[in-house]
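Participant: This is target-v2.cif (mmCIF, C-alpha atoms).
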data_entry
loop_
_atom_site.label_atom_id
_atom_site.label_comp_id
_atom_site.auth_asym_id
_atom_site.auth_seq_id
_atom_site.Cartn_x
_atom_site.Cartn_y
_atom_site.Cartn_z
CA MET A 1 15.19 10.34 -4.27
CA ALA A 2 14.97 13.40 -2.06
CA ALA A 3 12.94 11.50 0.56
CA ASP A 4 15.83 9.05 1.11
CA GLU A 5 18.29 11.92 1.45
CA ALA A 6 15.97 13.77 3.84
CA GLY A 7 15.86 10.76 6.18
CA VAL A 8 12.20 9.83 5.63
CA ASP A 9 11.64 6.55 7.50
CA SER A 10 8.54 5.20 5.75
CA LEU A 11 5.92 5.85 3.06
CA TRP A 12 2.37 4.55 3.38
CA VAL A 13 -0.43 4.34 0.81
CA MET A 14 -4.20 3.77 1.08
CA ASP A 15 -5.62 0.54 -0.31
CA HIS A 16 -8.95 1.60 -1.79
CA PHE A 17 -10.56 0.86 -5.15
CA PHE A 18 -12.17 4.28 -5.42
CA GLN A 19 -11.27 7.76 -4.18
CA ILE A 20 -12.56 8.45 -0.66
CA ARG A 21 -14.01 11.66 0.77
CA LEU A 22 -11.27 11.97 3.40
CA THR A 23 -8.78 13.14 0.75
CA GLY A 24 -10.91 16.12 -0.24
CA LEU A 25 -10.62 15.11 -3.90
CA PRO A 26 -13.62 14.53 -6.18
CA PRO A 27 -14.85 10.89 -6.23
CA GLU A 28 -13.84 10.54 -9.89
CA SER A 29 -10.18 11.35 -9.09
CA PRO A 30 -7.68 8.56 -9.72
CA MET A 31 -6.93 6.10 -6.90
CA PRO A 32 -3.87 4.11 -7.99
CA GLU A 33 -3.71 0.47 -6.88
CA ALA A 34 -1.78 0.26 -3.60
CA TYR A 35 0.68 -2.53 -4.40
CA ALA A 36 1.51 -1.14 -7.85
CA THR A 37 2.19 2.22 -6.20
CA LEU A 38 4.44 0.58 -3.60
CA ALA A 39 6.41 -1.19 -6.33
CA PHE A 40 6.90 2.13 -8.12
CA LEU A 41 8.02 3.87 -4.90
CA GLY A 42 10.32 0.95 -4.12
CA GLY A 43 12.04 1.44 -7.44
CA LEU A 44 12.61 5.14 -6.71
CA THR A 45 13.94 4.71 -3.16
CA LYS A 46 16.77 2.77 -1.56
CA ARG A 47 16.00 2.33 2.14
CA ILE A 48 12.57 3.75 3.00
CA LYS A 49 10.13 1.21 4.47
CA LEU A 50 6.89 0.89 2.51
CA GLY A 51 3.40 -0.20 3.47
CA THR A 52 -0.33 0.01 3.15
CA LEU A 53 -2.21 1.87 5.88
CA VAL A 54 -4.76 -0.96 5.97
CA THR A 55 -5.45 -3.68 3.43
CA SER A 56 -8.93 -5.16 3.67
CA VAL A 57 -9.05 -8.89 3.07
CA ALA A 58 -12.55 -8.30 1.68
CA TYR A 59 -11.05 -6.55 -1.40
CA ARG A 60 -9.05 -9.50 -2.73
CA HIS A 61 -8.94 -13.26 -2.40
CA PRO A 62 -6.54 -14.03 0.49
CA GLY A 63 -4.26 -16.08 -1.78
CA VAL A 64 -3.93 -13.21 -4.27
CA LEU A 65 -3.24 -10.77 -1.44
CA VAL A 66 -0.50 -12.95 0.06
CA LYS A 67 1.06 -13.37 -3.40
CA LYS A 68 1.09 -9.60 -4.00
CA PHE A 69 2.66 -8.92 -0.61
CA MET A 70 5.26 -11.69 -0.83
CA ASP A 71 6.33 -10.56 -4.31
CA HIS A 72 7.13 -7.19 -2.75
CA VAL A 73 8.99 -8.85 0.14
CA VAL A 74 11.20 -10.69 -2.37
CA VAL A 75 11.89 -7.60 -4.51
CA LEU A 76 12.17 -5.13 -1.61
CA PRO A 77 13.58 -7.20 1.30
CA TRP A 78 13.17 -5.74 4.80
CA ARG A 79 11.23 -2.74 3.45
CA MET A 80 7.58 -3.90 3.47
CA ASN A 81 5.04 -3.34 6.26
CA TYR A 82 1.59 -4.89 6.19
CA GLY A 83 -1.61 -3.97 7.99
CA SER A 84 -4.76 -6.02 7.51
CA LEU A 85 -8.40 -5.54 8.40
CA ARG A 86 -11.40 -7.82 8.30
CA ALA A 87 -14.51 -5.73 8.85
CA VAL A 88 -17.46 -7.58 10.35
CA GLY A 89 -20.94 -6.10 10.60
CA GLY A 90 -21.79 -2.42 10.38
CA CYS A 91 -19.86 0.56 11.62
CA GLY A 92 -20.99 2.78 14.48
#
Let me see the file written as structure tokens.
Facilitator:
Amino acid sequence: MAADEAGVDSLWVMDHFFQIRLTGLPPESPMPEAYATLAFLGGLTKRIKLGTLVTSVAYRHPGVLVKKFMDHVVVLPWRMNYGSLRAVGGCG
């Protein structure tokens, strides 16, 4: 992949169920599942570290989330990064 050859250090994806306004895309635009996207990118690259910008533990049962992440750690050793968030209360 050209990104490996160019020396890209890491690739990060958003973990959202639906498209968000920040992207500038219409709400009905596709938002691929984060861990499926990381698996796909892992298959295309050789050394680039992969991760989610933030994974909310409110989206998935914690056991399912750990299983998804650890499957990636086994298949893509030393390439996965993980950021987690537990939002409490309202924002702002």
Participant: Between A:Ala3, A:Asp15, A:Gly42, A:Ser10, which is the closest to Val57 in chain A once you count all atoms listed in the file?
Facilitator: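 Among the listed residues, the smallest separation from Val57 in chain A belongs to A:Asp15.
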Participant: Ranking A:Met80, A:Gln19, A:Lys68, A:Asp9 by minimum distance to Gly51 in chain A and counting only C-alpha atoms, which one comes first?
Facilitator: A:Met80
Participant: Separation of CA of Met14 in chain A and CA of Tyr35 in chain A, in Å?
Facilitator: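 Going from CA of Met14 in chain A over to CA of Tyr35 in chain A covers 9.7 Å.
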Participant: Given the choices A:Met31, A:Lys49, A:Leu44, A:Ala36, which gets closest to Val8 in chain A if the distance is worked out from all atoms listed in the file?
Facilitator: A:Lys49
Participant: Using the file's own x, y and z axes, what box holds all listed atoms of range 42-45 of chain A with 4 Å on each side, keeping edges along x, y and z, and what are its centre and edge lengths in Å to one decimal, as JSON?
Facilitator:
{"center_x": 12.1, "center_y": 3.0, "center_z": -5.3, "size_x": 11.6, "size_y": 12.2, "size_z": 12.3}
Participant: Please expand the PyMOL selection byres ((chain A and resi 81) around 12) into the concrete residues it hits in this file, giving the result as a list of chain:residue names.
Facilitator: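 Applied to this file, the PyMOL selection byres ((chain A and resi 81) around 12) returns A:Asp9, A:Ser10, A:Leu11, A:Trp12, A:Val13, A:Tyr35, A:Leu38, A:Ile48, A:Lys49, A:Leu50, A:Gly51, A:Thr52, A:Leu53, A:Val54, A:Thr55, A:Phe69, A:Met70, A:His72, A:Val73, A:Leu76, A:Pro77, A:Trp78, A:Arg79, A:Met80, A:Tyr82, A:Gly83, A:Ser84.
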Participant: Using C-alpha atoms, can you write the selected residues to a file as an mmCIF file, in the coordinates of the input?
Facilitator:
data_model
loop_
_atom_site.group_PDB
_atom_site.id
_atom_site.type_symbol
_atom_site.label_atom_id
_atom_site.label_comp_id
_atom_site.auth_asym_id
_atom_site.auth_seq_id
_atom_site.Cartn_x
_atom_site.Cartn_y
_atom_site.Cartn_z
ATOM 1 C CA ASP A 9 11.640 6.550 7.500
ATOM 2 C CA SER A 10 8.540 5.200 5.750
ATOM 3 C CA LEU A 11 5.920 5.850 3.060
ATOM 4 C CA TRP A 12 2.370 4.550 3.380
ATOM 5 C CA VAL A 13 -0.430 4.340 0.810
ATOM 6 C CA TYR A 35 0.680 -2.530 -4.400
ATOM 7 C CA LEU A 38 4.440 0.580 -3.600
ATOM 8 C CA ILE A 48 12.570 3.750 3.000
ATOM 9 C CA LYS A 49 10.130 1.210 4.470
ATOM 10 C CA LEU A 50 6.890 0.890 2.510
ATOM 11 C CA GLY A 51 3.400 -0.200 3.470
ATOM 12 C CA THR A 52 -0.330 0.010 3.150
ATOM 13 C CA LEU A 53 -2.210 1.870 5.880
ATOM 14 C CA VAL A 54 -4.760 -0.960 5.970
ATOM 15 C CA THR A 55 -5.450 -3.680 3.430
ATOM 16 C CA PHE A 69 2.660 -8.920 -0.610
ATOM 17 C CA MET A 70 5.260 -11.690 -0.830
ATOM 18 C CA HIS A 72 7.130 -7.190 -2.750
ATOM 19 C CA VAL A 73 8.990 -8.850 0.140
ATOM 20 C CA LEU A 76 12.170 -5.130 -1.610
ATOM 21 C CA PRO A 77 13.580 -7.200 1.300
ATOM 22 C CA TRP A 78 13.170 -5.740 4.800
ATOM 23 C CA ARG A 79 11.230 -2.740 3.450
ATOM 24 C CA MET A 80 7.580 -3.900 3.470
ATOM 25 C CA TYR A 82 1.590 -4.890 6.190
ATOM 26 C CA GLY A 83 -1.610 -3.970 7.990
ATOM 27 C CA SER A 84 -4.760 -6.020 7.510
#
Participant: Figure out the distance between CA of Val75 in chain A and CA of Arg60 in chain A, please, to one decimal in Å.
Facilitator: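 Interatomic distance, CA of Arg60 in chain A to CA of Val75 in chain A: 21.1 Å.
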Participant: Just give me the gap between CA of Asp71 in chain A and CA of Thr23 in chain A in Å, one decimal is fine.
Facilitator: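 If I compute the distance from CA of Asp71 in chain A to CA of Thr23 in chain A, I get 28.6 Å.
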Participant: Measuring atom to atom with only C-alpha atoms, identify which of A:Thr45, A:Ile20, A:Pro32, A:Ala39 is nearest to Ala6 in chain A.
Facilitator: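 That would be A:Thr45, the residue with the smallest distance to Ala6 in chain A.
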Participant: So which residues are close to (-9.3, 0.8, -10.2), meaning at most 9 Å away in the file's coordinates with only C-alpha atoms counted, and can you show them as a CSV table (one decimal) with C-alpha atoms, keeping the file's coordinate frame?
Facilitator:
chain,number,residue,atom,x,y,z
A,16,HIS,CA,-9.0,1.6,-1.8
A,17,PHE,CA,-10.6,0.9,-5.2
A,18,PHE,CA,-12.2,4.3,-5.4
A,30,PRO,CA,-7.7,8.6,-9.7
A,31,MET,CA,-6.9,6.1,-6.9
A,32,PRO,CA,-3.9,4.1,-8.0
A,33,GLU,CA,-3.7,0.5,-6.9
